[in-house]
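Visitor: Input structure: run-v2.pdb, which contains PDB, C-alpha atoms.
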```pdb
MODEL        1
ATOM      1  CA  MET A  53       0.000   0.000   0.000
ATOM      2  CA  LYS A  54       1.514   3.303  -1.091
ATOM      3  CA  LYS A  55       0.920   6.335   1.116
ATOM      4  CA  VAL A  56       0.447   9.370  -1.115
ATOM      5  CA  GLY A  57      -0.043  13.067  -0.391
ATOM      6  CA  ILE A  58      -0.854  15.826  -2.873
ATOM      7  CA  THR A  59       0.114  19.422  -2.143
ATOM      8  CA  GLY A  60      -2.337  21.708  -3.908
ATOM      9  CA  GLN A  61      -4.928  18.990  -3.383
ATOM     10  CA  LYS A  62      -7.862  21.359  -3.861
ATOM     11  CA  GLY A  63      -6.549  22.963  -7.043
ATOM     12  CA  PHE A  64      -7.459  22.019 -10.597
ATOM     13  CA  ILE A  65      -5.031  19.143 -11.171
ATOM     14  CA  GLY A  66      -5.030  18.264  -7.470
ATOM     15  CA  THR A  67      -8.799  17.752  -7.313
ATOM     16  CA  ASN A  68      -8.791  15.546 -10.397
ATOM     17  CA  LEU A  69      -5.766  13.557  -9.220
ATOM     18  CA  TYR A  70      -7.179  13.081  -5.717
ATOM     19  CA  ASN A  71     -10.459  11.775  -7.133
ATOM     20  CA  TYR A  72      -8.634   9.464  -9.550
ATOM     21  CA  LEU A  73      -6.304   8.006  -6.916
ATOM     22  CA  ASN A  74      -9.219   7.635  -4.512
ATOM     23  CA  LEU A  75     -10.529   4.953  -6.896
ATOM     24  CA  LYS A  76      -7.353   2.930  -6.215
ATOM     25  CA  LYS A  77      -7.994   2.272  -2.526
ATOM     26  CA  ASP A  78      -6.607  -1.259  -2.743
ATOM     27  CA  GLU A  79      -3.239   0.210  -3.816
ATOM     28  CA  ILE A  80      -3.075   3.758  -2.461
ATOM     29  CA  LYS A  81      -3.799   5.415   0.872
ATOM     30  CA  LEU A  82      -4.323   9.144   0.401
ATOM     31  CA  ASN A  83      -3.202  11.543   3.122
ATOM     32  CA  ASP A  84      -5.193  14.762   2.981
ATOM     33  CA  PHE A  85      -3.398  18.070   2.570
ATOM     34  CA  GLU A  86      -4.531  21.617   3.340
ATOM     35  CA  ASP A  87      -2.802  24.709   1.957
ATOM     36  CA  CYS A  88      -2.406  26.026   5.512
ATOM     37  CA  TYR A  89       0.090  23.216   6.225
ATOM     38  CA  PHE A  90       2.748  25.328   4.507
ATOM     39  CA  GLU A  91       2.192  27.960   7.202
ATOM     40  CA  SER A  92       2.728  25.488  10.061
ATOM     41  CA  GLU A  93       5.941  23.468  10.277
ATOM     42  CA  GLU A  94       4.278  21.073  12.729
ATOM     43  CA  ARG A  95       1.455  20.285  10.304
ATOM     44  CA  LEU A  96       3.858  19.972   7.384
ATOM     45  CA  ILE A  97       6.026  17.606   9.434
ATOM     46  CA  ASN A  98       3.031  15.423  10.279
ATOM     47  CA  PHE A  99       2.034  15.339   6.615
ATOM     48  CA  VAL A 100       5.502  14.348   5.387
ATOM     49  CA  LYS A 101       5.770  11.630   8.049
ATOM     50  CA  GLU A 102       2.658   9.952   6.629
ATOM     51  CA  CYS A 103       3.779   9.916   2.976
ATOM     52  CA  ASP A 104       6.121   7.734   0.990
ATOM     53  CA  THR A 105       5.163   9.672  -2.184
ATOM     54  CA  ILE A 106       4.377  13.392  -2.398
ATOM     55  CA  VAL A 107       2.991  14.927  -5.575
ATOM     56  CA  HIS A 108       3.919  18.586  -5.282
ATOM     57  CA  LEU A 109       1.327  20.542  -7.258
ATOM     58  CA  ALA A 110       0.905  23.588  -5.004
ATOM     59  CA  ALA A 111       1.930  26.751  -6.856
ATOM     60  CA  LEU A 112       0.920  30.295  -7.628
ATOM     61  CA  ASN A 113       0.105  30.624 -11.339
ATOM     62  CA  ARG A 114      -0.827  34.279 -11.642
ATOM     63  CA  HIS A 115      -0.406  37.462  -9.594
ATOM     64  CA  ASN A 116      -0.474  41.202 -10.219
ATOM     65  CA  ASN A 117       3.137  41.277  -9.071
ATOM     66  CA  PRO A 118       5.068  38.698 -11.150
ATOM     67  CA  GLU A 119       7.911  38.564  -8.627
ATOM     68  CA  GLU A 120       5.429  37.237  -6.084
ATOM     69  CA  ILE A 121       4.941  34.149  -8.264
ATOM     70  CA  LEU A 122       8.668  33.409  -8.097
ATOM     71  CA  ARG A 123       8.888  34.096  -4.369
ATOM     72  CA  VAL A 124       5.892  31.959  -3.406
ATOM     73  CA  ASN A 125       6.683  28.974  -5.621
ATOM     74  CA  ILE A 126      10.331  28.752  -4.547
ATOM     75  CA  ASP A 127       9.311  29.212  -0.911
ATOM     76  CA  LEU A 128       6.916  26.238  -1.127
ATOM     77  CA  VAL A 129       9.675  24.040  -2.571
ATOM     78  CA  ASN A 130      12.159  25.111   0.110
ATOM     79  CA  LYS A 131       9.691  24.456   2.921
ATOM     80  CA  LEU A 132       9.083  20.916   1.695
ATOM     81  CA  ILE A 133      12.813  20.276   1.271
ATOM     82  CA  SER A 134      13.575  21.703   4.711
ATOM     83  CA  VAL A 135      11.076  19.464   6.492
ATOM     84  CA  THR A 136      12.254  16.267   4.783
ATOM     85  CA  GLU A 137      15.874  17.017   5.662
ATOM     86  CA  LYS A 138      15.000  17.941   9.225
ATOM     87  CA  LEU A 139      13.159  14.629   9.645
ATOM     88  CA  LYS A 140      15.651  12.671   7.531
ATOM     89  CA  ILE A 141      12.593  11.209   5.813
ATOM     90  CA  PHE A 142      12.799  11.240   2.027
ATOM     91  CA  PRO A 143       9.614  10.364   0.171
ATOM     92  CA  HIS A 144       9.517  10.049  -3.601
ATOM     93  CA  ILE A 145       8.697  13.610  -4.699
ATOM     94  CA  ILE A 146       6.884  14.124  -7.997
ATOM     95  CA  PHE A 147       7.041  17.790  -9.018
ATOM     96  CA  SER A 148       4.723  19.389 -11.542
ATOM     97  CA  SER A 149       6.729  21.681 -13.754
ATOM     98  CA  SER A 150       5.590  23.067 -17.089
ATOM     99  CA  ILE A 151       6.598  23.531 -20.707
ATOM    100  CA  GLN A 152       6.614  27.217 -19.742
ATOM    101  CA  GLU A 153      10.128  26.503 -18.462
ATOM    102  CA  GLU A 154      11.085  27.087 -22.111
ATOM    103  CA  GLN A 155       9.475  30.536 -22.172
ATOM    104  CA  ASP A 156      10.728  33.856 -20.868
ATOM    105  CA  ASN A 157       8.250  34.396 -18.032
ATOM    106  CA  ILE A 158       8.339  34.400 -14.232
ATOM    107  CA  TYR A 159       6.061  31.378 -13.823
ATOM    108  CA  GLY A 160       8.302  29.268 -16.085
ATOM    109  CA  LYS A 161      11.364  30.504 -14.193
ATOM    110  CA  SER A 162       9.791  29.568 -10.848
ATOM    111  CA  LYS A 163       9.087  26.064 -12.131
ATOM    112  CA  SER A 164      12.556  25.606 -13.596
ATOM    113  CA  GLU A 165      14.279  26.808 -10.427
ATOM    114  CA  GLY A 166      11.970  24.718  -8.229
ATOM    115  CA  ARG A 167      12.760  21.590 -10.230
ATOM    116  CA  LYS A 168      16.497  22.265  -9.964
ATOM    117  CA  LEU A 169      16.200  22.644  -6.180
ATOM    118  CA  PHE A 170      14.522  19.241  -5.988
ATOM    119  CA  GLU A 171      17.214  17.741  -8.250
ATOM    120  CA  GLU A 172      19.895  19.000  -5.865
ATOM    121  CA  TRP A 173      17.872  17.686  -2.889
ATOM    122  CA  SER A 174      17.642  14.293  -4.563
ATOM    123  CA  LYS A 175      21.404  14.095  -5.205
ATOM    124  CA  ARG A 176      22.256  15.374  -1.730
ATOM    125  CA  ASN A 177      20.076  12.829   0.029
ATOM    126  CA  ASN A 178      20.138   9.952  -2.463
ATOM    127  CA  SER A 179      16.357  10.275  -2.656
ATOM    128  CA  LYS A 180      13.794   9.688  -5.396
ATOM    129  CA  PHE A 181      12.641  12.616  -7.524
ATOM    130  CA  THR A 182      10.590  12.913 -10.713
ATOM    131  CA  GLY A 183      10.283  16.294 -12.417
ATOM    132  CA  LEU A 184       7.295  16.424 -14.750
ATOM    133  CA  ILE A 185       7.400  18.833 -17.708
ATOM    134  CA  ILE A 186       3.678  19.165 -18.399
ATOM    135  CA  PRO A 187       1.880  20.640 -21.456
ATOM    136  CA  ASN A 188      -1.186  22.879 -21.121
ATOM    137  CA  VAL A 189      -3.761  20.989 -19.060
ATOM    138  CA  PHE A 190      -7.519  21.265 -19.581
ATOM    139  CA  GLY A 191     -10.593  19.604 -18.163
ATOM    140  CA  GLN A 192     -13.356  19.908 -15.597
ATOM    141  CA  TRP A 193     -12.877  22.033 -12.456
ATOM    142  CA  GLY A 194     -10.355  24.325 -14.086
ATOM    143  CA  GLN A 195     -10.619  27.888 -12.799
ATOM    144  CA  PRO A 196     -11.574  30.367 -15.551
ATOM    145  CA  PHE A 197      -9.081  33.201 -16.173
ATOM    146  CA  TYR A 198      -6.481  31.237 -14.213
ATOM    147  CA  ASN A 199      -5.829  27.616 -15.180
ATOM    148  CA  SER A 200      -6.508  27.349 -18.906
ATOM    149  CA  VAL A 201      -7.770  29.286 -21.907
ATOM    150  CA  ILE A 202     -10.188  26.377 -22.452
ATOM    151  CA  SER A 203     -11.587  26.922 -18.956
ATOM    152  CA  THR A 204     -11.962  30.621 -19.683
ATOM    153  CA  PHE A 205     -13.659  30.119 -23.063
ATOM    154  CA  SER A 206     -15.946  27.394 -21.670
ATOM    155  CA  TYR A 207     -17.040  29.589 -18.786
ATOM    156  CA  GLN A 208     -17.625  32.605 -21.008
ATOM    157  CA  LEU A 209     -19.608  30.698 -23.627
ATOM    158  CA  THR A 210     -21.880  29.130 -20.993
ATOM    159  CA  HIS A 211     -22.430  32.446 -19.194
ATOM    160  CA  ASN A 212     -23.389  34.645 -22.139
ATOM    161  CA  GLU A 213     -19.998  36.335 -22.316
ATOM    162  CA  VAL A 214     -17.956  36.971 -25.467
ATOM    163  CA  PRO A 215     -14.511  35.295 -25.522
ATOM    164  CA  GLN A 216     -11.584  37.306 -26.826
ATOM    165  CA  ILE A 217      -8.356  35.975 -28.338
ATOM    166  CA  HIS A 218      -5.332  37.961 -27.210
ATOM    167  CA  VAL A 219      -2.620  35.812 -28.790
ATOM    168  CA  ASP A 220      -3.411  33.003 -31.235
ATOM    169  CA  ASN A 221      -0.763  30.575 -30.023
ATOM    170  CA  ASN A 222      -0.461  26.956 -31.037
ATOM    171  CA  LEU A 223      -0.946  25.026 -27.784
ATOM    172  CA  LYS A 224       0.252  21.609 -26.681
ATOM    173  CA  LEU A 225      -2.702  20.149 -24.783
ATOM    174  CA  ILE A 226      -3.320  17.250 -22.417
ATOM    175  CA  TYR A 227      -6.615  16.279 -20.808
ATOM    176  CA  VAL A 228      -6.403  16.279 -17.019
ATOM    177  CA  GLY A 229      -7.739  12.711 -16.808
ATOM    178  CA  ASN A 230      -4.901  11.477 -19.014
ATOM    179  CA  LEU A 231      -2.359  13.361 -16.898
ATOM    180  CA  CYS A 232      -3.757  11.715 -13.754
ATOM    181  CA  LYS A 233      -3.262   8.266 -15.289
ATOM    182  CA  ILE A 234       0.366   9.095 -16.090
ATOM    183  CA  ILE A 235       1.037  10.335 -12.543
ATOM    184  CA  TYR A 236      -0.595   7.212 -11.118
ATOM    185  CA  ASN A 237       1.730   5.006 -13.187
ATOM    186  CA  ILE A 238       4.755   7.015 -12.014
ATOM    187  CA  ILE A 239       3.652   6.573  -8.391
ATOM    188  CA  LYS A 240       3.124   2.862  -8.904
ATOM    189  CA  ASN A 241       6.394   2.233 -10.738
ATOM    190  CA  LYS A 242       8.526   4.811  -8.852
ATOM    191  CA  GLU A 243       9.923   6.180 -12.102
ATOM    192  CA  ILE A 244      12.915   8.420 -11.467
ATOM    193  CA  ASN A 245      13.568  11.086 -14.090
ATOM    194  CA  ASN A 246      14.555  14.696 -13.430
ATOM    195  CA  HIS A 247      13.199  15.719 -16.852
ATOM    196  CA  TYR A 248      10.060  13.625 -17.434
ATOM    197  CA  TYR A 249       8.421  15.168 -20.492
ATOM    198  CA  ILE A 250       4.689  14.447 -20.599
ATOM    199  CA  GLN A 251       3.494  13.852 -24.149
ATOM    200  CA  GLU A 252       0.628  16.102 -25.215
ATOM    201  CA  ASP A 253      -2.644  14.611 -26.483
ATOM    202  CA  THR A 254      -2.743  17.049 -29.395
ATOM    203  CA  THR A 255      -1.780  20.538 -30.551
ATOM    204  CA  CYS A 256      -4.295  23.200 -31.543
ATOM    205  CA  ASN A 257      -4.429  26.935 -32.226
ATOM    206  CA  VAL A 258      -6.368  29.064 -29.742
ATOM    207  CA  SER A 259      -8.632  30.314 -32.557
ATOM    208  CA  ASP A 260      -9.470  26.749 -33.625
ATOM    209  CA  LEU A 261     -10.283  25.784 -30.022
ATOM    210  CA  LEU A 262     -12.665  28.702 -29.761
ATOM    211  CA  GLU A 263     -14.443  27.793 -32.998
ATOM    212  CA  ILE A 264     -14.929  24.191 -31.847
ATOM    213  CA  LEU A 265     -16.255  25.302 -28.458
ATOM    214  CA  LYS A 266     -18.595  27.812 -30.121
ATOM    215  CA  TYR A 267     -19.951  25.027 -32.327
ATOM    216  CA  TYR A 268     -20.536  22.769 -29.306
ATOM    217  CA  LYS A 269     -22.221  25.587 -27.430
ATOM    218  CA  GLU A 270     -24.557  26.489 -30.281
ATOM    219  CA  GLU A 271     -25.541  22.900 -31.063
ATOM    220  CA  TYR A 272     -25.842  21.547 -27.534
ATOM    221  CA  PHE A 273     -26.902  24.513 -25.404
ATOM    222  CA  ASP A 274     -28.778  26.662 -27.916
ATOM    223  CA  ASN A 275     -30.306  24.051 -30.239
ATOM    224  CA  GLY A 276     -30.541  21.045 -27.924
ATOM    225  CA  ILE A 277     -28.628  18.844 -30.389
ATOM    226  CA  ILE A 278     -25.751  16.509 -29.640
ATOM    227  CA  PRO A 279     -22.966  17.916 -31.852
ATOM    228  CA  GLU A 280     -20.799  15.807 -34.107
ATOM    229  CA  ILE A 281     -17.868  14.663 -31.971
ATOM    230  CA  LYS A 282     -14.984  12.766 -33.537
ATOM    231  CA  GLY A 283     -12.157  11.298 -31.466
ATOM    232  CA  GLN A 284     -11.276  11.235 -27.792
ATOM    233  CA  PHE A 285      -9.847  14.760 -27.718
ATOM    234  CA  ALA A 286     -13.160  16.106 -29.041
ATOM    235  CA  VAL A 287     -15.048  14.121 -26.392
ATOM    236  CA  ASN A 288     -12.823  15.550 -23.648
ATOM    237  CA  LEU A 289     -13.221  19.085 -24.987
ATOM    238  CA  PHE A 290     -17.013  18.741 -25.175
ATOM    239  CA  ASN A 291     -17.216  17.342 -21.639
ATOM    240  CA  THR A 292     -15.043  20.186 -20.385
ATOM    241  CA  LEU A 293     -17.434  22.735 -21.888
ATOM    242  CA  ARG A 294     -20.448  20.934 -20.380
ATOM    243  CA  SER A 295     -18.891  21.038 -16.915
ATOM    244  CA  TYR A 296     -19.276  24.838 -16.845
ATOM    245  CA  ILE A 297     -23.026  24.860 -17.395
ATOM    246  CA  ASP A 298     -25.127  25.956 -14.429
ATOM    247  CA  GLU A 299     -28.485  27.481 -13.722
ATOM    248  CA  LEU A 300     -27.233  30.942 -14.643
ATOM    249  CA  TYR A 301     -27.248  29.963 -18.298
ATOM    250  CA  TYR A 302     -30.996  29.423 -18.265
ATOM    251  CA  GLN A 303     -31.931  32.610 -16.447
TER     252      GLN A 303
ENDMDL
END
```
Could you quickly redo this structure as structure tokens?
Guide:
Amino acid sequence: MKKVGITGQKGFIGTNLYNYLNLKKDEIKLNDFEDCYFESEERLINFVKECDTIVHLAALNRHNNPEEILRVNIDLVNKLISVTEKLKIFPHIIFSSSIQEEQDNIYGKSKSEGRKLFEEWSKRNNSKFTGLIIPNVFGQWGQPFYNSVISTFSYQLTHNEVPQIHVDNNLKLIYVGNLCKIIYNIIKNKEINNHYYIQEDTTCNVSDLLEILKYYKEEYFDNGIIPEIKGQFAVNLFNTLRSYIDELYYQ
């Protein structure tokens, strides 16, 4: 039985991963995590003591002051490292980094530096570490205007708002359910890789995503028709859009 904890448990990926792993009760015992544990060394110590694998998802994605993103994300990594070394307990740490490491922005820098700190921790303590380089993640329970452009578009389209494209990038995309399966397999097999590149499900331009979501919205929500859906990516995109519907749409 593997004892697993997820920092950022109540975030977008954390919620999906927690629910997925909770279906594996014959293999995995989940230890609950609250964000406030990072503000209490005693609580963080108790959490680490109960885990032989920690999936470190907790991070600040956006802030009005970009430097705050770097400060917070590095601080979270250092707190986790400090507690494990104080206890001399070294769980397998799985760290969620991002393909934004390759871009010139503060969030990508915070992820790159955080991963390097864990690499050094792993070498220093002969401990297990897996650094995930993750594409853009989409799916249910994503926070609009924060987690994903797909979350933002889905929310806007189902709440009578008009989506706007600021930059028509080509995005590497992975469905959150598929990411959870990959993390589960890493937990199970204890894969050690400082640069574990997660393969995207597909690539798509922002403008094309918006057109597909508009089509789904018009057919399903406005006309009451099941739209034509081809392939698993299309199914996942449609289900993501549906997850943002609520009573407000009908008022």
Visitor: Could you pull the residues within 10 Å of range 186-201 of chain A, counting all atoms listed in the file, minus those fewer than 6 positions along the same chain, as JSON, numbers by chain?
Guide: {"A": [62, 63, 64, 65, 67, 68, 112, 113, 114, 115, 148, 149, 150, 151, 152, 153, 207, 208, 215, 217, 223, 224, 225, 226, 227, 228, 229, 230, 231, 248, 249, 250, 251, 252, 253, 254, 255, 258, 261, 262, 288, 289, 290, 291, 292, 293, 294, 295, 296]}
Visitor: Calculated over only C-alpha atoms, which of the candidates A:Ile158, A:Leu184, A:Ile277, A:Ala111 has the smallest distance to Ile146 in chain A?
Guide: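 Closest candidate: A:Leu184.
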Visitor: Assuming the chain letters and numbering stay as they are in my file, what does the PyMOL selection byres ((chain A and resi 222) around 6) actually select? List them as a list in words.
Guide: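 Answer for the PyMOL selection byres ((chain A and resi 222) around 6): Asn221, Leu223, Cys256 and Asn257 of chain A.
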Visitor: What separation in Å, quoted to one decimal, exists between CA of Lys77 in chain A and CA of Met53 in chain A?
Guide: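 Going from CA of Lys77 in chain A over to CA of Met53 in chain A, I get 8.7 Å.
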Visitor: Quote the spacing between CA of Ile244 in chain A and CA of Lys180 in chain A in Å to one decimal place.
Guide: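 Separation of CA of Ile244 in chain A and CA of Lys180 in chain A: 6.3 Å.
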Visitor: Do a neighbour search on Thr59 in chain A at 12 Å with all atoms listed in the file, toss out local chain neighbours closer than 3 positions, and write the hits as a ChimeraX atom specification.
Guide: /A:56,62-67,69-70,82-90,96,99-100,103,105-111,128-129,131-132,145-148
Visitor: Tell me, in Å to one decimal, how far CA of Glu271 in chain A is from CA of Val219 in chain A.
Guide: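 Rounded to one decimal, the two atoms are 26.4 Å apart.
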Visitor: Quick one: residues within 9 Å of range 272-276 of chain A, all atoms listed in the file counted, chain neighbours fewer than 5 positions away excluded, as JSON, numbers by chain?
Guide: {"A": [210, 267, 294, 297, 301]}
Visitor: Given the selection you just returned, output its residues as a file containing C-alpha atoms, formatted as a JSON list (two decimals), in the coordinates of the input.
Guide:
```json
[["chain", "number", "residue", "atom", "x", "y", "z"],
["A", 210, "THR", "CA", -21.88, 29.13, -20.99],
["A", 267, "TYR", "CA", -19.95, 25.03, -32.33],
["A", 294, "ARG", "CA", -20.45, 20.93, -20.38],
["A", 297, "ILE", "CA", -23.03, 24.86, -17.40],
["A", 301, "TYR", "CA", -27.25, 29.96, -18.30]]
```
Visitor: List the residues selected by the PyMOL selection byres ((chain A and resi 181) around 9) in the file shown, writing them as a PyMOL selection string.
Guide: chain A and resi 143-147+170-171+173-174+179-180+182-183+242-246
